[in-house]
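Novice: Got a file for you: upload-v1.cif, mmCIF, C-alpha atoms.
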data_data
loop_
_atom_site.label_atom_id
_atom_site.label_comp_id
_atom_site.auth_asym_id
_atom_site.auth_seq_id
_atom_site.Cartn_x
_atom_site.Cartn_y
_atom_site.Cartn_z
CA MET A 1 -8.00 -25.49 13.51
CA GLU A 2 -6.27 -22.96 11.29
CA ARG A 3 -7.68 -24.71 8.23
CA LEU A 4 -11.19 -24.35 9.66
CA HIS A 5 -10.63 -20.62 10.18
CA VAL A 6 -9.47 -20.20 6.60
CA ILE A 7 -12.48 -22.16 5.28
CA VAL A 8 -14.91 -19.98 7.25
CA LEU A 9 -13.19 -16.83 5.99
CA VAL A 10 -13.22 -18.03 2.38
CA ILE A 11 -16.97 -18.76 2.64
CA LEU A 12 -17.39 -15.20 3.95
CA LEU A 13 -15.38 -13.89 1.00
CA ILE A 14 -17.60 -15.76 -1.49
CA ALA A 15 -20.73 -14.40 0.20
CA LEU A 16 -19.26 -10.90 0.05
CA ALA A 17 -18.37 -11.29 -3.63
CA VAL A 18 -21.92 -12.41 -4.50
CA THR A 19 -23.35 -9.48 -2.53
CA LEU A 20 -20.99 -7.09 -4.33
CA ILE A 21 -22.26 -8.27 -7.73
CA ARG A 22 -25.88 -7.73 -6.74
CA LEU A 23 -25.49 -4.32 -5.07
CA ARG A 24 -26.22 -1.10 -6.95
CA SER A 25 -25.22 1.47 -4.30
CA LEU A 26 -21.62 2.50 -5.03
CA LEU A 27 -21.12 3.66 -1.44
CA ALA A 28 -22.02 0.21 -0.07
CA ILE A 29 -19.88 -1.44 -2.75
CA ALA A 30 -16.83 0.64 -1.81
CA ILE A 31 -17.24 -0.10 1.90
CA LEU A 32 -17.79 -3.83 1.32
CA THR A 33 -14.67 -3.93 -0.89
CA GLY A 34 -12.80 -2.59 2.13
CA VAL A 35 -14.34 -5.34 4.27
CA TYR A 36 -13.23 -7.87 1.65
CA SER A 37 -9.66 -6.58 1.93
CA LEU A 38 -9.79 -6.73 5.72
CA ILE A 39 -10.89 -10.39 5.62
CA MET A 40 -8.12 -11.10 3.10
CA ALA A 41 -5.68 -9.52 5.56
CA VAL A 42 -6.89 -11.95 8.25
CA VAL A 43 -6.43 -14.85 5.81
CA TYR A 44 -2.85 -13.71 5.09
CA THR A 45 -2.18 -13.50 8.82
CA LEU A 46 -3.42 -17.07 9.26
CA LEU A 47 -1.08 -18.11 6.43
CA ASP A 48 1.81 -16.44 8.38
CA ALA A 49 2.34 -13.75 5.73
CA VAL A 50 2.26 -10.88 8.22
CA ASP A 51 3.89 -8.29 5.96
CA VAL A 52 1.44 -8.98 3.14
CA ALA A 53 -1.44 -8.86 5.62
CA PHE A 54 -0.25 -5.49 6.89
CA THR A 55 -0.05 -4.09 3.37
CA GLU A 56 -3.46 -5.48 2.45
CA ALA A 57 -5.00 -3.94 5.57
CA VAL A 58 -3.53 -0.45 5.13
CA VAL A 59 -3.85 -0.28 1.35
CA GLY A 60 -6.94 -2.37 0.57
CA ALA A 61 -9.08 -1.54 3.57
CA GLY A 62 -7.59 1.85 4.32
CA ILE A 63 -6.35 4.05 1.52
CA THR A 64 -8.17 2.47 -1.44
CA LEU A 65 -11.49 2.76 0.39
CA THR A 66 -10.78 6.41 1.21
CA LEU A 67 -9.83 7.25 -2.38
CA MET A 68 -12.91 5.37 -3.65
CA LEU A 69 -15.14 7.35 -1.29
CA ALA A 70 -13.48 10.58 -2.46
CA ALA A 71 -14.14 9.58 -6.07
CA ILE A 72 -17.78 8.66 -5.31
CA SER A 73 -18.40 11.98 -3.59
CA LEU A 74 -17.21 13.67 -6.79
CA THR A 75 -19.37 11.60 -9.13
CA THR A 76 -22.53 9.70 -8.26
CA ARG A 77 -23.70 7.47 -5.45
CA SER A 78 -25.47 4.71 -7.32
CA GLU A 79 -24.88 2.72 -10.44
CA THR A 80 -27.22 3.36 -13.37
CA LYS A 81 -29.57 0.47 -14.07
CA PRO A 82 -28.31 -1.59 -16.99
CA GLY A 83 -30.70 -2.24 -19.86
CA LYS A 84 -31.87 -5.70 -20.86
CA ARG A 85 -29.00 -6.63 -23.14
CA THR A 86 -29.47 -10.38 -22.93
CA LYS A 87 -27.01 -11.22 -25.68
CA GLN A 88 -24.10 -9.26 -24.16
CA ARG A 89 -24.90 -10.66 -20.73
CA ALA A 90 -24.85 -14.22 -22.05
CA VAL A 91 -21.47 -13.66 -23.72
CA GLY A 92 -20.13 -12.17 -20.47
CA ALA A 93 -21.43 -15.06 -18.38
CA VAL A 94 -19.91 -17.66 -20.73
CA THR A 95 -16.54 -15.85 -20.74
CA ALA A 96 -16.49 -15.52 -16.95
CA LEU A 97 -17.45 -19.16 -16.46
CA ALA A 98 -14.82 -20.38 -18.95
CA ALA A 99 -12.09 -18.26 -17.35
CA GLY A 100 -13.15 -19.46 -13.89
CA MET A 101 -13.11 -23.11 -14.95
CA ALA A 102 -9.66 -22.66 -16.53
CA LEU A 103 -8.32 -21.08 -13.34
CA ILE A 104 -9.80 -23.84 -11.14
CA TYR A 105 -8.32 -26.44 -13.50
CA ALA A 106 -4.93 -24.70 -13.21
CA THR A 107 -5.00 -24.88 -9.40
CA THR A 108 -4.97 -28.70 -9.58
CA ASP A 109 -1.40 -28.41 -10.89
CA MET A 110 -0.27 -26.15 -8.06
CA PRO A 111 1.88 -27.54 -5.25
CA GLY A 112 0.15 -27.98 -1.89
CA LEU A 113 -0.03 -25.12 0.58
CA GLY A 114 3.25 -24.89 2.51
CA ASP A 115 4.80 -27.75 0.53
CA ALA A 116 8.55 -27.66 1.23
CA ASP A 117 9.30 -29.21 -2.18
CA ALA A 118 7.41 -26.55 -4.15
CA PRO A 119 9.65 -25.00 -6.86
CA VAL A 120 9.39 -21.54 -5.29
CA HIS A 121 10.92 -22.87 -2.07
CA LEU A 122 13.84 -24.59 -3.79
CA HIS A 123 15.31 -21.71 -5.81
CA VAL A 124 16.78 -18.76 -3.86
CA ALA A 125 14.55 -18.89 -0.76
CA PRO A 126 16.78 -21.31 1.21
CA TYR A 127 19.76 -19.00 0.59
CA TYR A 128 17.84 -15.95 1.86
CA ILE A 129 16.66 -17.80 4.97
CA GLU A 130 20.11 -19.18 5.70
CA VAL A 131 22.37 -16.17 5.18
CA GLY A 132 19.92 -13.28 4.88
CA PRO A 133 19.94 -12.23 8.54
CA ILE A 134 23.73 -12.76 8.75
CA GLU A 135 24.53 -10.80 5.57
CA THR A 136 22.16 -7.88 6.19
CA GLY A 137 21.85 -7.81 9.99
CA VAL A 138 18.08 -7.47 9.57
CA PRO A 139 15.99 -10.09 11.40
CA ASN A 140 12.86 -9.57 9.26
CA ILE A 141 13.70 -11.57 6.13
CA VAL A 142 10.90 -9.93 4.13
CA THR A 143 12.46 -6.50 4.66
CA ALA A 144 15.93 -7.88 3.91
CA ILE A 145 14.75 -9.36 0.59
CA LEU A 146 12.68 -6.35 -0.48
CA ALA A 147 15.21 -3.70 0.47
CA SER A 148 18.52 -5.40 -0.17
CA TYR A 149 18.35 -8.49 -2.40
CA ARG A 150 15.54 -6.98 -4.47
CA GLY A 151 16.71 -3.38 -4.11
CA PHE A 152 16.37 -2.66 -7.84
CA ASP A 153 12.75 -3.85 -7.89
CA THR A 154 11.87 -1.68 -4.91
CA LEU A 155 13.56 1.32 -6.53
CA GLY A 156 11.40 0.68 -9.59
CA GLU A 157 8.27 0.46 -7.43
CA VAL A 158 9.05 3.77 -5.76
CA ALA A 159 9.57 5.29 -9.22
CA VAL A 160 6.11 3.96 -10.23
CA ILE A 161 4.47 5.49 -7.15
CA PHE A 162 6.33 8.74 -7.80
CA THR A 163 5.10 8.79 -11.41
CA ALA A 164 1.52 8.07 -10.36
CA GLY A 165 1.53 10.88 -7.80
CA ILE A 166 3.12 13.43 -10.12
CA SER A 167 0.70 12.49 -12.93
CA VAL A 168 -2.40 12.88 -10.75
CA MET A 169 -1.19 16.24 -9.47
CA ALA A 170 -0.27 17.46 -12.95
CA LEU A 171 -3.58 16.39 -14.50
CA LEU A 172 -6.13 17.13 -11.79
CA TRP A 173 -4.76 19.83 -9.52
CA ARG A 174 -6.06 23.28 -10.41
CA TRP A 175 -2.74 25.09 -10.37
CA GLY A 176 -2.84 28.82 -9.77
CA LYS A 177 -6.62 28.96 -9.66
CA ASP A 178 -6.96 29.06 -5.88
CA ASP A 179 -6.14 31.68 -3.29
CA ARG A 180 -3.25 30.02 -1.55
CA MET B 181 -17.45 17.59 9.05
CA SER B 182 -16.01 19.95 11.69
CA GLU B 183 -19.47 20.61 13.16
CA HIS B 184 -19.55 17.10 14.66
CA LEU B 185 -18.06 17.61 18.12
CA ILE B 186 -17.24 13.95 18.87
CA VAL B 187 -15.63 13.32 15.49
CA ARG B 188 -13.58 16.49 15.86
CA VAL B 189 -12.32 15.76 19.37
CA VAL B 190 -11.63 12.07 18.78
CA SER B 191 -9.79 12.66 15.50
CA LYS B 192 -7.72 15.40 17.11
CA MET B 193 -6.75 12.95 19.84
CA LEU B 194 -6.02 10.12 17.40
CA ILE B 195 -3.92 11.97 14.82
CA PRO B 196 -0.72 12.25 16.94
CA PHE B 197 -0.88 8.54 17.75
CA ILE B 198 -1.43 7.64 14.09
CA LEU B 199 1.66 9.66 13.17
CA LEU B 200 3.62 8.04 16.00
CA PHE B 201 2.51 4.56 14.89
CA ALA B 202 3.58 5.37 11.32
CA LEU B 203 7.04 6.33 12.58
CA TYR B 204 7.18 3.14 14.66
CA VAL B 205 6.29 1.00 11.63
CA GLN B 206 8.86 2.93 9.60
CA MET B 207 11.72 2.47 12.03
CA HIS B 208 10.77 -1.05 13.11
CA GLY B 209 10.38 -2.49 9.62
CA ASP B 210 13.65 -4.37 9.98
CA TYR B 211 12.57 -6.16 13.17
CA GLY B 212 8.82 -6.65 12.79
CA PRO B 213 6.23 -6.59 10.04
CA GLY B 214 5.94 -3.36 8.12
CA GLY B 215 8.37 -1.01 6.48
CA GLY B 216 8.47 2.12 4.41
CA PHE B 217 5.42 1.45 2.28
CA GLN B 218 3.02 0.65 5.11
CA ALA B 219 4.42 3.47 7.23
CA GLY B 220 3.94 5.94 4.39
CA VAL B 221 0.32 4.90 3.96
CA ILE B 222 -0.39 5.25 7.70
CA PHE B 223 1.35 8.63 7.77
CA ALA B 224 -0.82 9.82 4.86
CA THR B 225 -3.94 8.54 6.64
CA ALA B 226 -3.39 11.01 9.48
CA PHE B 227 -3.48 13.95 7.06
CA ILE B 228 -6.45 12.48 5.21
CA ILE B 229 -8.42 12.22 8.46
CA TYR B 230 -7.51 15.83 9.19
CA ALA B 231 -8.69 16.87 5.71
CA ILE B 232 -11.99 14.97 6.08
CA VAL B 233 -12.77 16.43 9.50
CA PHE B 234 -11.45 19.98 9.23
CA GLY B 235 -11.69 20.55 5.49
CA VAL B 236 -9.14 20.39 2.71
CA LYS B 237 -8.34 24.09 2.89
CA ARG B 238 -7.05 23.80 6.46
CA ALA B 239 -5.30 20.52 5.68
CA ILE B 240 -3.44 22.17 2.81
CA ARG B 241 -2.39 24.91 5.22
CA VAL B 242 -0.93 22.21 7.50
CA MET B 243 0.64 20.31 4.61
CA PRO B 244 1.24 22.77 1.74
CA LEU B 245 1.45 21.48 -1.79
CA THR B 246 5.04 22.63 -2.12
CA VAL B 247 5.99 20.39 0.83
CA LEU B 248 4.07 17.50 -0.72
CA THR B 249 5.76 17.81 -4.11
CA ALA B 250 9.11 18.04 -2.34
CA MET B 251 8.32 14.87 -0.35
CA VAL B 252 7.23 12.99 -3.49
CA SER B 253 10.58 13.65 -5.16
CA LEU B 254 12.77 13.59 -2.05
CA GLY B 255 11.99 9.95 -1.22
CA LEU B 256 12.91 8.71 -4.67
CA VAL B 257 16.05 10.86 -4.79
CA LEU B 258 17.09 9.60 -1.33
CA TYR B 259 16.69 6.00 -2.51
CA ALA B 260 18.64 6.56 -5.72
CA MET B 261 21.35 8.51 -3.88
CA VAL B 262 22.04 5.50 -1.64
CA GLY B 263 22.72 3.59 -4.85
CA PHE B 264 25.12 6.24 -6.14
CA VAL B 265 26.88 6.59 -2.79
CA SER B 266 27.50 2.84 -2.66
CA LEU B 267 28.72 3.11 -6.24
CA ALA B 268 31.15 5.86 -5.22
CA ALA B 269 32.26 3.86 -2.19
CA GLY B 270 33.54 1.09 -4.45
CA GLY B 271 30.58 -1.28 -4.50
CA THR B 272 27.95 -1.90 -7.15
CA PHE B 273 24.72 0.14 -7.48
CA LEU B 274 22.58 -0.34 -4.31
CA ASP B 275 25.22 -2.61 -2.74
CA TYR B 276 24.75 -1.31 0.80
CA GLY B 277 27.65 -3.39 2.09
CA ALA B 278 30.01 -0.80 0.59
CA LEU B 279 28.51 2.00 2.70
CA ASP B 280 30.58 0.99 5.73
CA SER B 281 34.17 0.10 4.86
CA HIS B 282 34.79 -1.69 8.17
CA ASP B 283 31.64 -3.76 8.59
CA PRO B 284 29.53 -4.69 5.51
CA VAL B 285 26.68 -5.94 7.73
CA HIS B 286 26.46 -2.54 9.38
CA GLY B 287 26.48 -0.94 5.93
CA GLN B 288 23.64 -3.22 4.81
CA HIS B 289 21.56 -2.31 7.84
CA LEU B 290 22.21 1.41 7.32
CA GLY B 291 21.34 1.21 3.62
CA ILE B 292 18.09 -0.65 4.32
CA ILE B 293 17.00 1.93 6.90
CA ILE B 294 17.72 4.85 4.55
CA ILE B 295 16.00 3.38 1.50
CA GLU B 296 12.97 2.39 3.62
CA LEU B 297 12.84 6.01 4.75
CA GLY B 298 12.90 7.07 1.09
CA VAL B 299 10.03 4.70 0.27
CA GLY B 300 8.04 5.99 3.26
CA ILE B 301 8.50 9.68 2.35
CA THR B 302 7.47 9.16 -1.28
CA VAL B 303 4.44 6.99 -0.45
CA ALA B 304 3.22 9.39 2.25
CA GLY B 305 3.61 12.35 -0.09
CA VAL B 306 1.95 10.70 -3.08
CA LEU B 307 -1.09 9.39 -1.19
CA THR B 308 -1.69 12.68 0.63
CA ALA B 309 -1.30 14.57 -2.64
CA ILE B 310 -3.72 12.28 -4.50
CA PHE B 311 -6.35 12.66 -1.77
CA PHE B 312 -5.93 16.44 -1.59
CA THR B 313 -6.20 16.67 -5.37
CA PHE B 314 -9.48 14.75 -5.32
CA ALA B 315 -10.87 16.43 -2.23
CA GLU B 316 -9.98 19.94 -3.37
CA ARG B 317 -12.61 19.54 -6.09
CA TRP B 318 -15.42 19.07 -3.56
CA GLN B 319 -15.52 22.74 -2.73
CA LYS B 320 -16.15 24.73 -5.84
#
Can I see the file as structure tokens?
Specialist:
Amino acid sequence: MERLHVIVLVILLIALAVTLIRLRSLLAIAILTGVYSLIMAVVYTLLDAVDVAFTEAVVGAGITLTLMLAAISLTTRSETKPGKRTKQRAVGAVTALAAGMALIYATTDMPGLGDADAPVHLHVAPYYIEVGPIETGVPNIVTAILASYRGFDTLGEVAVIFTAGISVMALLWRWGKDDR
Amino acid sequence: MSEHLIVRVVSKMLIPFILLFALYVQMHGDYGPGGGFQAGVIFATAFIIYAIVFGVKRAIRVMPLTVLTAMVSLGLVLYAMVGFVSLAAGGTFLDYGALDSHDPVHGQHLGIIIIELGVGITVAGVLTAIFFTFAERWQK
């Protein structure tokens, strides 16, 4: 049953992607990208990755959409019509198709979904599942891994977010020009 | 958008609950899905809704830029400080077990809650600041 749900959702995602390519209105594109993220969040929930689903929903469908809309309202609402550059388009199509084929070929080598013998499940994951809640006292293993076992990584991520925020404010904010 | 009565009233009603939900996600990250990052985004959303409905000028009066810049740095500093405190307490950098000399598990839990709070503060500050920076350019 779950597999059927995922298949239906993936078909929806493909339909959305094709629509996104054909659309010219940037407003519609931004909103549909948010819808795409929301469907991805449902897919993650079905795959039992609740934390990832939560992040996808708030970031992909929420904040990214809002920032995109803010950017659109500052620039223009529709994409300019591309000229008839057949040669460039052919090169682009061939590159995209080749990359797509390579990626599909690569998936044949991937372990099955939820395979207990997959390499990623044999390295440190059993240790985290076994002693994680006992060592950290935190029942949510995802939080325990992110905050404690991968504390350095998360510190780096926060530093990246900090840098991004400071850079945007330094570059775009009109300091001293307003009547605050 | 403040001339739309329904939007104004509904958003005014929703904003406290959005903030409350953000705090719930923040503090419940160790038991359920969520954590500092998601909570920070939801917290920022409340201010973004306020800015969209009532205008950026009023939103900046609610959340001044000085507070935002302080939040952006405070979260990161809080996170790093936990590392240095655990270092001073005899552990390694970000080894939360050293935070409580009697019970390492308690120390771990405490450390995780504090660093998640740091993540949440920085993310909320950065996202609100980025939106305000963009939106401030609407009104020339």
Novice: Determine, using all atoms listed in the file, which residues of chain B have any atom at most 8 Å from an atom of chain A, and tabulate each with its shortest atom pair and distance in Å to one decimal place, rows ordered by chain and then rising number, as a tab-separated table.
Specialist:
residue	atom	partner	partner_atom	distance
B:Gly209	CA	A:Thr143	CA	6.7
B:Asp210	CA	A:Asn140	CA	5.3
B:Tyr211	CA	A:Asn140	CA	5.2
B:Gly212	CA	A:Asn140	CA	6.1
B:Pro213	CA	A:Asp51	CA	5.0
B:Gly214	CA	A:Asp51	CA	5.8
B:Gly215	CA	A:Thr143	CA	7.1
B:Phe217	CA	A:Thr55	CA	7.9
B:Gln218	CA	A:Thr55	CA	5.9
B:Val221	CA	A:Val58	CA	6.7
B:Ile222	CA	A:Val58	CA	7.0
B:Thr225	CA	A:Ile63	CA	7.2
B:Thr249	CA	A:Ile166	CA	7.9
B:Val252	CA	A:Phe162	CA	6.1
B:Ser253	CA	A:Phe162	CA	7.0
B:Leu256	CA	A:Val158	CA	6.4
B:Tyr259	CA	A:Leu155	CA	6.9
B:Ala260	CA	A:Leu155	CA	7.3
B:Leu274	CA	A:Gly151	CA	6.6
B:Asp275	CA	A:Ser148	CA	7.7
B:Tyr276	CA	A:Ser148	CA	7.5
B:Pro284	CA	A:Glu135	CA	7.9
B:Val285	CA	A:Thr136	CA	5.2
B:His286	CA	A:Gly137	CA	7.0
B:Gln288	CA	A:Thr136	CA	5.1
B:His289	CA	A:Thr136	CA	5.8
B:Ile292	CA	A:Ala147	CA	5.7
B:Ile295	CA	A:Ala147	CA	7.2
B:Glu296	CA	A:Ala147	CA	7.2
B:Val299	CA	A:Val158	CA	6.2
B:Thr302	CA	A:Phe162	CA	6.6
B:Val303	CA	A:Ile161	CA	6.9
B:Val306	CA	A:Gly165	CA	4.7
B:Leu307	CA	A:Gly165	CA	7.3
B:Ala309	CA	A:Gly165	CA	6.9
B:Ile310	CA	A:Gly165	CA	6.4
B:Phe311	CA	A:Leu67	CA	6.5
B:Thr313	CA	A:Trp173	CA	5.4
B:Phe314	CA	A:Ala70	CA	6.4
B:Ala315	CA	A:Ala70	CA	6.4
B:Arg317	CA	A:Leu74	CA	7.5
B:Trp318	CA	A:Leu74	CA	6.5
Novice: Find the distance between atom CA of B:Ile301 and atom CA of B:Leu279 and write it in Å to one decimal.
Specialist: 21.4 Å
Novice: With all atoms of stretch 142-146 of chain A from the file as input, state the centre and edge lengths in Å to one decimal of the axis-aligned box that has 4 Å extra on each side, as JSON.
Specialist:
{"center_x": 13.4, "center_y": -8.1, "center_z": 2.1, "size_x": 13.0, "size_y": 11.6, "size_z": 13.1}
Novice: Residue by residue, what does the PyMOL selection byres ((chain A and resi 12) around 12) grab here? Present the result as number ranges by chain.
Specialist: A: 5-11, 13-19, 32, 35-40, 42-43
Novice: Rounded to one decimal, what separation in Å do you get between atom CA of A:Leu97 and atom CA of A:Glu79?
Specialist: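 Here the two named atoms are 23.9 Å from each other.
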Novice: Report the distance between atom CA of A:Asp48 and atom CA of B:Ala224 in Å, rounded to one decimal place.
Specialist: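 So the answer is 26.6 Å.
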